[in-house]
file upload_0.cif (mmCIF, C-alpha atoms)
data_upload
loop_
_atom_site.label_atom_id
_atom_site.label_comp_id
_atom_site.auth_asym_id
_atom_site.auth_seq_id
_atom_site.Cartn_x
_atom_site.Cartn_y
_atom_site.Cartn_z
CA MET A 1 77.72 40.22 6.49
CA SER A 2 79.28 37.11 4.96
CA ARG A 3 82.01 34.67 5.90
CA ARG A 4 85.23 34.89 3.92
CA VAL A 5 88.51 33.05 4.30
CA VAL A 6 92.05 33.52 3.04
CA ILE A 7 93.64 30.10 2.46
CA THR A 8 97.38 30.65 2.76
CA ALA A 9 100.27 28.33 2.01
CA ASP A 10 103.07 29.53 4.28
CA ASP A 11 106.83 29.18 3.76
CA LEU A 12 107.31 29.62 0.01
CA GLY A 13 111.06 29.47 -0.56
CA ARG A 14 111.80 27.36 2.53
CA GLU A 15 113.51 24.80 0.27
CA PRO A 16 112.84 23.45 -3.27
CA GLY A 17 110.24 20.83 -2.30
CA THR A 18 108.03 23.34 -0.50
CA THR A 19 108.36 25.85 -3.33
CA GLU A 20 107.33 23.23 -5.87
CA VAL A 21 104.23 22.19 -3.94
CA ILE A 22 103.06 25.73 -3.15
CA VAL A 23 103.51 27.00 -6.71
CA SER A 24 101.50 24.02 -7.97
CA LEU A 25 98.72 24.67 -5.45
CA LEU A 26 98.59 28.33 -6.47
CA ALA A 27 98.46 27.43 -10.16
CA GLU A 28 95.66 24.93 -9.49
CA GLY A 29 93.67 27.50 -7.49
CA HIS A 30 93.70 25.47 -4.27
CA VAL A 31 95.17 28.27 -2.15
CA SER A 32 94.52 32.00 -2.43
CA ALA A 33 97.72 33.37 -0.88
CA THR A 34 101.27 32.53 0.09
CA THR A 35 104.12 33.96 2.15
CA LEU A 36 107.77 34.20 1.07
CA ILE A 37 110.87 33.48 3.17
CA CYS A 38 113.38 35.93 1.69
CA VAL A 39 116.46 34.80 3.65
CA SER A 40 116.55 31.26 2.23
CA PRO A 41 118.92 30.32 -0.63
CA GLU A 42 115.77 29.10 -2.41
CA ALA A 43 114.12 32.53 -2.26
CA GLU A 44 115.40 33.79 -5.62
CA ARG A 45 114.04 30.78 -7.50
CA ALA A 46 110.79 30.87 -5.51
CA ALA A 47 110.24 34.55 -6.33
CA ALA A 48 110.64 33.85 -10.05
CA ALA A 49 108.37 30.78 -9.90
CA VAL A 50 105.53 32.49 -8.03
CA ALA A 51 105.59 35.48 -10.38
CA VAL A 52 104.30 33.19 -13.14
CA THR A 53 101.14 32.44 -11.12
CA GLY A 54 100.25 36.12 -10.80
CA VAL A 55 99.99 35.83 -7.01
CA VAL A 56 102.06 38.32 -5.00
CA PRO A 57 103.33 36.70 -1.77
CA ARG A 58 103.21 38.42 1.58
CA VAL A 59 106.55 39.18 3.22
CA HIS A 60 107.05 36.42 5.81
CA VAL A 61 109.36 38.31 8.18
CA THR A 62 111.91 35.63 9.11
CA LEU A 63 114.23 36.07 12.08
CA THR A 64 115.09 32.42 12.81
CA SER A 65 116.50 29.48 10.88
CA GLU A 66 114.74 26.13 10.48
CA ARG A 67 115.85 22.96 12.21
CA GLY A 68 116.97 20.37 9.68
CA LEU A 69 118.18 22.94 7.14
CA PRO A 70 121.51 24.79 6.78
CA ARG A 71 121.31 27.97 8.86
CA TRP A 72 119.99 31.06 7.10
CA ARG A 73 121.63 34.47 7.19
CA PRO A 74 119.69 37.72 7.59
CA ILE A 75 119.78 40.20 4.75
CA ASP A 76 120.76 43.13 6.96
CA GLY A 77 122.95 41.17 9.37
CA ALA A 78 122.14 43.12 12.54
CA ALA A 79 124.23 41.85 15.45
CA SER A 80 121.48 41.14 18.00
CA LEU A 81 119.71 38.75 15.61
CA VAL A 82 122.59 36.38 14.84
CA ASP A 83 124.91 33.83 16.40
CA PRO A 84 128.69 34.43 16.34
CA ASP A 85 128.93 32.83 12.88
CA GLY A 86 126.46 35.38 11.46
CA THR A 87 123.55 32.94 11.07
CA LEU A 88 120.06 33.09 12.53
CA SER A 89 119.43 30.76 15.47
CA ASP A 90 116.90 27.99 14.95
CA ASP A 91 115.56 28.57 18.48
CA PRO A 92 112.91 31.35 18.73
CA PHE A 93 113.57 31.68 22.46
CA VAL A 94 117.21 32.60 21.76
CA LEU A 95 116.00 35.37 19.48
CA GLY A 96 113.37 36.41 22.03
CA ALA A 97 116.05 36.86 24.67
CA ARG A 98 118.51 38.94 22.67
CA GLY A 99 116.82 40.62 19.70
CA GLU A 100 116.68 44.41 19.71
CA ALA A 101 113.69 46.23 18.27
CA ALA A 102 115.75 48.46 15.98
CA ASP A 103 117.52 45.42 14.50
CA VAL A 104 114.22 43.58 14.00
CA ILE A 105 112.77 46.49 12.03
CA ARG A 106 115.97 46.94 10.00
CA GLU A 107 115.78 43.31 8.97
CA ALA A 108 112.06 43.57 8.16
CA ASP A 109 112.88 46.60 5.99
CA ALA A 110 115.62 44.64 4.23
CA GLN A 111 113.33 41.69 3.49
CA LEU A 112 110.57 43.95 2.16
CA ARG A 113 113.11 45.78 0.00
CA TRP A 114 114.45 42.44 -1.31
CA MET A 115 110.97 41.56 -2.57
CA ARG A 116 110.32 44.94 -4.13
CA GLU A 117 113.64 44.85 -5.95
CA ARG A 118 112.45 41.64 -7.64
CA GLY A 119 109.19 43.13 -8.83
CA LEU A 120 107.06 41.75 -5.99
CA ALA A 121 104.99 44.35 -4.16
CA PRO A 122 103.48 42.71 -1.07
CA VAL A 123 100.47 44.36 0.55
CA ALA A 124 100.68 42.45 3.83
CA ALA A 125 103.20 40.96 6.25
CA ASP A 126 103.29 38.21 8.84
CA SER A 127 105.76 36.54 11.18
CA HIS A 128 107.59 33.29 10.52
CA SER A 129 107.43 31.09 13.64
CA GLY A 130 105.48 33.84 15.41
CA THR A 131 108.65 35.58 16.57
CA LEU A 132 107.23 39.11 16.35
CA TYR A 133 104.35 38.39 18.72
CA GLY A 134 106.22 38.00 22.00
CA LEU A 135 105.41 34.29 22.38
CA HIS A 136 109.11 33.47 22.85
CA GLY A 137 110.31 36.41 24.93
CA ARG A 138 110.36 40.02 23.79
CA SER A 139 107.40 41.31 21.81
CA TRP A 140 107.90 43.53 18.78
CA LEU A 141 104.21 43.89 17.99
CA ALA A 142 104.04 47.63 18.49
CA GLU A 143 107.14 48.21 16.36
CA SER A 144 105.87 45.79 13.71
CA LEU A 145 102.48 47.50 13.48
CA ALA A 146 104.11 50.92 13.17
CA TRP A 147 106.37 49.46 10.47
CA CYS A 148 103.33 48.09 8.61
CA ALA A 149 101.61 51.47 8.84
CA ARG A 150 104.69 53.21 7.34
CA HIS A 151 104.70 50.82 4.38
CA GLY A 152 100.94 50.51 3.92
CA LEU A 153 100.88 46.82 4.85
CA ALA A 154 98.18 44.69 6.47
CA PHE A 155 99.36 42.36 9.25
CA ARG A 156 98.44 38.85 10.41
CA LEU A 157 97.20 39.58 13.91
CA PRO A 158 93.83 38.00 14.78
CA ARG A 159 91.14 40.27 16.15
CA ASP A 160 89.77 37.17 17.92
CA PRO A 161 92.73 35.01 19.04
CA GLU A 162 90.80 32.15 20.64
CA PRO A 163 90.49 29.89 17.55
CA TYR A 164 94.28 29.98 17.14
CA PHE A 165 95.14 29.43 20.79
CA GLY A 166 92.34 26.97 21.42
CA GLY A 167 90.74 28.99 24.19
CA PRO A 168 90.94 32.26 26.12
CA LEU A 169 94.33 33.91 26.46
CA PRO A 170 95.96 34.18 29.89
CA PRO A 171 95.11 37.61 31.38
CA PRO A 172 98.51 39.30 30.75
CA LEU A 173 98.58 38.05 27.15
CA ALA A 174 94.93 39.00 26.65
CA ALA A 175 95.64 42.55 27.80
CA ALA A 176 98.66 42.82 25.49
CA HIS A 177 96.59 41.51 22.59
CA GLU A 178 93.82 44.01 23.27
CA ARG A 179 96.34 46.85 23.24
CA ALA A 180 97.86 45.59 19.98
CA ILE A 181 94.47 45.44 18.23
CA ALA A 182 93.61 48.94 19.43
CA TYR A 183 96.98 50.16 18.12
CA ALA A 184 96.45 48.44 14.76
CA ASP A 185 93.06 50.11 14.43
CA ALA A 186 94.48 53.49 15.40
CA LEU A 187 97.20 53.13 12.77
CA GLY A 188 94.79 51.86 10.12
CA VAL A 189 96.59 48.51 9.75
CA PRO A 190 94.07 45.87 8.54
CA VAL A 191 94.00 42.61 10.51
CA PRO A 192 91.99 39.38 10.01
CA GLN A 193 88.94 38.52 12.10
CA THR A 194 90.64 35.35 13.27
CA ILE A 195 93.34 32.91 12.18
CA ALA A 196 93.69 29.15 12.49
CA THR A 197 96.19 26.46 11.63
CA ASN A 198 97.13 22.95 12.68
CA ARG A 199 99.45 22.93 15.70
CA ARG A 200 99.46 19.19 16.38
CA THR A 201 102.07 16.62 15.39
CA ALA A 202 101.51 13.57 13.21
CA ARG A 203 101.69 11.40 16.34
CA GLU A 204 99.02 13.49 18.08
CA LEU A 205 96.78 13.44 15.02
CA GLY A 206 97.28 9.78 14.20
CA SER A 207 95.96 9.94 10.64
CA TYR A 208 95.27 12.18 7.67
CA GLU A 209 91.54 11.88 8.33
CA ARG A 210 91.96 13.39 11.80
CA LEU A 211 93.78 16.38 10.30
CA ARG A 212 91.04 16.78 7.67
CA ASP A 213 88.29 16.55 10.28
CA ASP A 214 90.01 19.23 12.35
CA TYR A 215 90.21 21.63 9.41
CA LEU A 216 86.59 20.90 8.51
CA ARG A 217 85.64 21.80 12.08
CA ARG A 218 87.66 25.01 11.88
CA LEU A 219 86.01 25.90 8.58
CA ALA A 220 82.52 25.40 10.01
CA ALA A 221 83.38 27.57 13.03
CA LEU A 222 84.66 30.58 11.06
CA PRO A 223 82.92 33.79 12.20
CA GLU A 224 81.44 36.55 10.08
CA GLY A 225 84.07 38.69 8.37
CA THR A 226 87.37 37.71 6.81
CA SER A 227 89.51 35.11 8.56
CA GLU A 228 92.62 33.18 7.57
CA LEU A 229 93.50 29.51 7.53
CA PHE A 230 97.21 29.05 7.04
CA LEU A 231 98.84 25.75 6.23
CA HIS A 232 102.37 24.55 5.51
CA PRO A 233 102.04 22.17 2.54
CA SER A 234 105.13 20.43 1.23
CA ARG A 235 106.55 17.06 0.21
CA GLN A 236 107.44 14.66 2.99
CA ASP A 237 110.97 14.22 1.64
CA ALA A 238 111.51 18.00 1.79
CA VAL A 239 110.99 18.32 5.55
CA ILE A 240 112.94 16.15 7.95
CA GLY A 241 111.09 14.28 10.71
CA PRO A 242 107.40 14.02 11.58
CA ASP A 243 106.72 17.60 10.46
CA GLY A 244 107.11 16.31 6.92
CA VAL A 245 104.19 13.95 7.41
CA VAL A 246 101.85 16.75 8.50
CA ARG A 247 102.98 19.00 5.66
CA THR A 248 102.22 16.20 3.18
CA TRP A 249 98.79 15.75 4.73
CA GLU A 250 98.11 19.47 4.39
CA ALA A 251 99.03 19.39 0.69
CA ARG A 252 96.66 16.43 0.31
CA LEU A 253 93.87 18.26 2.15
CA LEU A 254 94.01 21.24 -0.20
CA ARG A 255 93.31 18.94 -3.16
CA ASP A 256 90.75 16.77 -1.36
CA PRO A 257 87.22 16.82 -2.91
CA VAL A 258 85.76 16.52 0.60
CA TRP A 259 87.46 19.80 1.55
CA HIS A 260 86.24 21.58 -1.56
CA LYS A 261 82.70 20.28 -1.06
CA ALA A 262 82.79 21.67 2.49
CA LEU A 263 83.87 25.10 1.23
CA ASP A 264 80.78 25.11 -0.99
CA SER A 265 78.35 23.72 1.58
CA GLU A 266 79.54 26.09 4.32
CA ASP A 267 79.04 29.03 1.92
CA VAL A 268 82.47 30.43 2.75
CA GLU A 269 83.99 32.67 0.09
CA VAL A 270 87.70 32.17 -0.57
CA VAL A 271 89.46 35.52 -0.97
CA ALA A 272 93.03 36.74 -1.40
CA GLY A 273 93.29 38.99 1.65
CA TRP A 274 91.55 40.36 4.72
CA TRP A 275 92.12 43.97 3.62
CA ALA A 276 89.86 46.01 1.39
#
call {"tool": "encode", "arguments": {"input": "upload_0.cif", "output": "structure tokens"}}
result
Amino acid sequence: MSRRVVITADDLGREPGTTEVIVSLLAEGHVSATTLICVSPEAERAAAAVAVTGVVPRVHVTLTSERGLPRWRPIDGAASLVDPDGTLSDDPFVLGARGEAADVIREADAQLRWMRERGLAPVAADSHSGTLYGLHGRSWLAESLAWCARHGLAFRLPRDPEPYFGGPLPPPLAAAHERAIAYADALGVPVPQTIATNRRTARELGSYERLRDDYLRRLAALPEGTSELFLHPSRQDAVIGPDGVVRTWEARLLRDPVWHKALDSEDVEVVAGWWA
């Protein structure tokens, strides 16, 4: 068995700066996958731009807005997902307290349909800001996995969650995760061996080199099978606040010769997906 990794640039379509950086990285071959935010005003342009690269984005099911950007509106507009003005909250815990499963799946259906209507046929899905996983209140994992099975989609749910969480899950969460993996397997929904990303701020990291060293460590620790590293590369001027610094560092990492040398020396194959 060999070690394989999907290198994903999340948040295509978030705003123009992020779209520009991700499309360039795809064209240069520095990432092997991306995910599309369909509810953003930038989504239409992003869908057209990514089509030129030949890479089909995953549907990045988006149920919240982003702080620092004008609020997004859902495609379906289900009542339990929105504030009184019809926009998506930028607080995942607000969504986790009020979202109804039927509305979540209706919106996921609408976002998948939006992509297909534009000639993009995603073969996998994932969750923007992790809102489907129950980390901010209600969990819609079971409904999401059943939805993926209906549409023949793989789903970003790590078989081994410890590399993402940085250690063992608390017992109640561990039990819920075990049930979700068993359900995914029963439904035939492909999932990655593990997933990893940077979860620290620029202040916590202190420098680009610290971020790079952390990703090099994660790369070396990848298990047998197909895993996923997902990053959020962008331009610093496109993302307000310290998050913009980290996103710039991640774009730099993906072009860094040290990173590419490590991919070769670790004998990790870069692939497009964790499904057959």
call {"tool": "resolve_selection", "arguments": {"input": "upload_0.cif", "expression": "the PyMOL selection byres ((chain A and resi 11) around 9)", "output": "list in words"}}
result
Ala9, Asp10, Leu12, Gly13, Arg14, Glu15, Thr18, Thr19, Ile22, Thr34, Thr35, Leu36, Ile37, His60, His128, His232 and Pro233 of chain A
call {"tool": "residues_near_point", "arguments": {"input": "upload_0.cif", "point": "(113.9, 26.4, 13.1)", "cutoff": "10 Å", "atoms": "only C-alpha atoms", "output": "list in words"}}
result
Leu63, Thr64, Ser65, Glu66, Arg67, Gly68, Leu69, Arg71, Trp72, Leu88, Ser89, Asp90, Asp91, Pro92, His128 and Ser129 of chain A
call {"tool": "resolve_selection", "arguments": {"input": "upload_0.cif", "expression": "the PyMOL selection byres ((chain A and resi 207-213) around 9)", "output": "VMD selection string"}}
result
chain A and resid 198 200 202 to 206 214 to 218 246 249 to 250 252 to 253 258 to 259
call {"tool": "resolve_selection", "arguments": {"input": "upload_0.cif", "expression": "the PyMOL selection byres ((chain A and resi 269) around 6)", "output": "PyMOL selection string"}}
result
chain A and resi 4+268+270
call {"tool": "write_last_selection", "arguments": {"input": "upload_0.cif", "atoms": "C-alpha atoms", "output": "short mmCIF file (atom, residue, chain, number, x, y, z; two decimals), keeping the file's coordinate frame"}}
result
data_model
loop_
_atom_site.label_atom_id
_atom_site.label_comp_id
_atom_site.auth_asym_id
_atom_site.auth_seq_id
_atom_site.Cartn_x
_atom_site.Cartn_y
_atom_site.Cartn_z
CA ARG A 4 85.23 34.89 3.92
CA VAL A 268 82.47 30.43 2.75
CA VAL A 270 87.70 32.17 -0.57
#
call {"tool": "closest_residue", "arguments": {"input": "upload_0.cif", "among": "A:Leu173, A:Leu187, A:Ala101, A:Ala51", "to": "Ala121 in chain A", "atoms": "all atoms listed in the file"}}
result
A:Ala51
call {"tool": "closest_residue", "arguments": {"input": "upload_0.cif", "among": "A:Leu95, A:Leu25, A:Ala174, A:Ala102", "to": "His136 in chain A", "atoms": "only C-alpha atoms"}}
result
A:Leu95
call {"tool": "atom_distance", "arguments": {"input": "upload_0.cif", "atom1": "CA of Ala154 in chain A", "atom2": "CA of Ala276 in chain A"}}
result
9.8 Å
call {"tool": "residues_near_point", "arguments": {"input": "upload_0.cif", "point": "(101.7, 46.7, 26.1)", "cutoff": "9 Å", "atoms": "all atoms listed in the file", "output": "tab-separated table (two decimals) with C-alpha atoms, in the coordinates of the input"}}
result
chain	number	residue	atom	x	y	z
A	139	SER	CA	107.40	41.31	21.81
A	141	LEU	CA	104.21	43.89	17.99
A	142	ALA	CA	104.04	47.63	18.49
A	175	ALA	CA	95.64	42.55	27.80
A	176	ALA	CA	98.66	42.82	25.49
A	177	HIS	CA	96.59	41.51	22.59
A	178	GLU	CA	93.82	44.01	23.27
A	179	ARG	CA	96.34	46.85	23.24
A	180	ALA	CA	97.86	45.59	19.98
call {"tool": "closest_residue", "arguments": {"input": "upload_0.cif", "among": "A:Gly119, A:Pro16, A:Pro170, A:Pro223", "to": "Ala48 in chain A", "atoms": "all atoms listed in the file"}}
result
A:Gly119
call {"tool": "decode", "arguments": {"input": "upload_0.cif", "residues": "range 203-222 of chain A", "atoms": "N, CA, C and O atoms", "output": "CSV table (one decimal), in the first residue's frame"}}
result
chain,number,residue,atom,x,y,z
A,203,ARG,N,-0.4,35.1,14.5
A,203,ARG,CA,0.2,35.4,15.8
A,203,ARG,C,0.8,34.1,16.4
A,203,ARG,O,1.9,34.1,17.0
A,204,GLU,N,0.0,33.1,16.4
A,204,GLU,CA,0.4,31.8,17.0
A,204,GLU,C,1.6,31.2,16.3
A,204,GLU,O,2.5,30.6,16.9
A,205,LEU,N,1.6,31.3,15.0
A,205,LEU,CA,2.6,30.7,14.2
A,205,LEU,C,3.9,31.6,14.3
A,205,LEU,O,5.0,31.1,14.4
A,206,GLY,N,3.8,32.9,14.1
A,206,GLY,CA,4.9,33.8,14.3
A,206,GLY,C,5.6,34.1,13.0
A,206,GLY,O,6.2,35.1,12.8
A,207,SER,N,5.7,33.1,12.1
A,207,SER,CA,6.4,33.3,10.8
A,207,SER,C,6.0,32.3,9.8
A,207,SER,O,5.4,31.2,10.1
A,208,TYR,N,6.3,32.6,8.5
A,208,TYR,CA,6.0,31.7,7.4
A,208,TYR,C,6.7,30.4,7.6
A,208,TYR,O,6.2,29.3,7.4
A,209,GLU,N,8.0,30.4,8.1
A,209,GLU,CA,8.7,29.2,8.3
A,209,GLU,C,8.1,28.2,9.3
A,209,GLU,O,8.2,27.0,9.1
A,210,ARG,N,7.5,28.8,10.3
A,210,ARG,CA,6.8,27.9,11.2
A,210,ARG,C,5.6,27.2,10.6
A,210,ARG,O,5.3,26.0,10.8
A,211,LEU,N,4.8,27.9,9.7
A,211,LEU,CA,3.7,27.3,9.0
A,211,LEU,C,4.3,26.2,8.1
A,211,LEU,O,3.7,25.1,8.0
A,212,ARG,N,5.4,26.5,7.4
A,212,ARG,CA,5.9,25.5,6.4
A,212,ARG,C,6.4,24.3,7.2
A,212,ARG,O,6.1,23.2,6.8
A,213,ASP,N,7.1,24.5,8.3
A,213,ASP,CA,7.6,23.4,9.1
A,213,ASP,C,6.4,22.5,9.6
A,213,ASP,O,6.5,21.3,9.7
A,214,ASP,N,5.3,23.1,9.9
A,214,ASP,CA,4.1,22.4,10.4
A,214,ASP,C,3.6,21.5,9.3
A,214,ASP,O,3.2,20.3,9.5
A,215,TYR,N,3.5,22.1,8.1
A,215,TYR,CA,2.9,21.3,7.0
A,215,TYR,C,3.9,20.2,6.6
A,215,TYR,O,3.5,19.1,6.2
A,216,LEU,N,5.2,20.5,6.7
A,216,LEU,CA,6.2,19.4,6.4
A,216,LEU,C,6.1,18.3,7.4
A,216,LEU,O,6.2,17.1,7.0
A,217,ARG,N,5.8,18.6,8.6
A,217,ARG,CA,5.6,17.6,9.7
A,217,ARG,C,4.3,16.8,9.3
A,217,ARG,O,4.3,15.5,9.5
A,218,ARG,N,3.3,17.5,8.9
A,218,ARG,CA,2.0,16.8,8.6
A,218,ARG,C,2.2,15.8,7.4
A,218,ARG,O,1.7,14.7,7.4
A,219,LEU,N,3.0,16.3,6.4
A,219,LEU,CA,3.3,15.5,5.3
A,219,LEU,C,4.0,14.2,5.6
A,219,LEU,O,3.6,13.1,5.2
A,220,ALA,N,5.0,14.4,6.5
A,220,ALA,CA,5.8,13.2,6.9
A,220,ALA,C,5.0,12.2,7.7
A,220,ALA,O,5.2,11.0,7.6
A,221,ALA,N,3.9,12.7,8.4
A,221,ALA,CA,3.1,11.8,9.2
A,221,ALA,C,1.9,11.2,8.5
A,221,ALA,O,1.2,10.4,9.2
A,222,LEU,N,1.8,11.5,7.2
A,222,LEU,CA,0.6,10.9,6.6
A,222,LEU,C,0.6,9.4,6.6
A,222,LEU,O,1.7,8.8,6.3
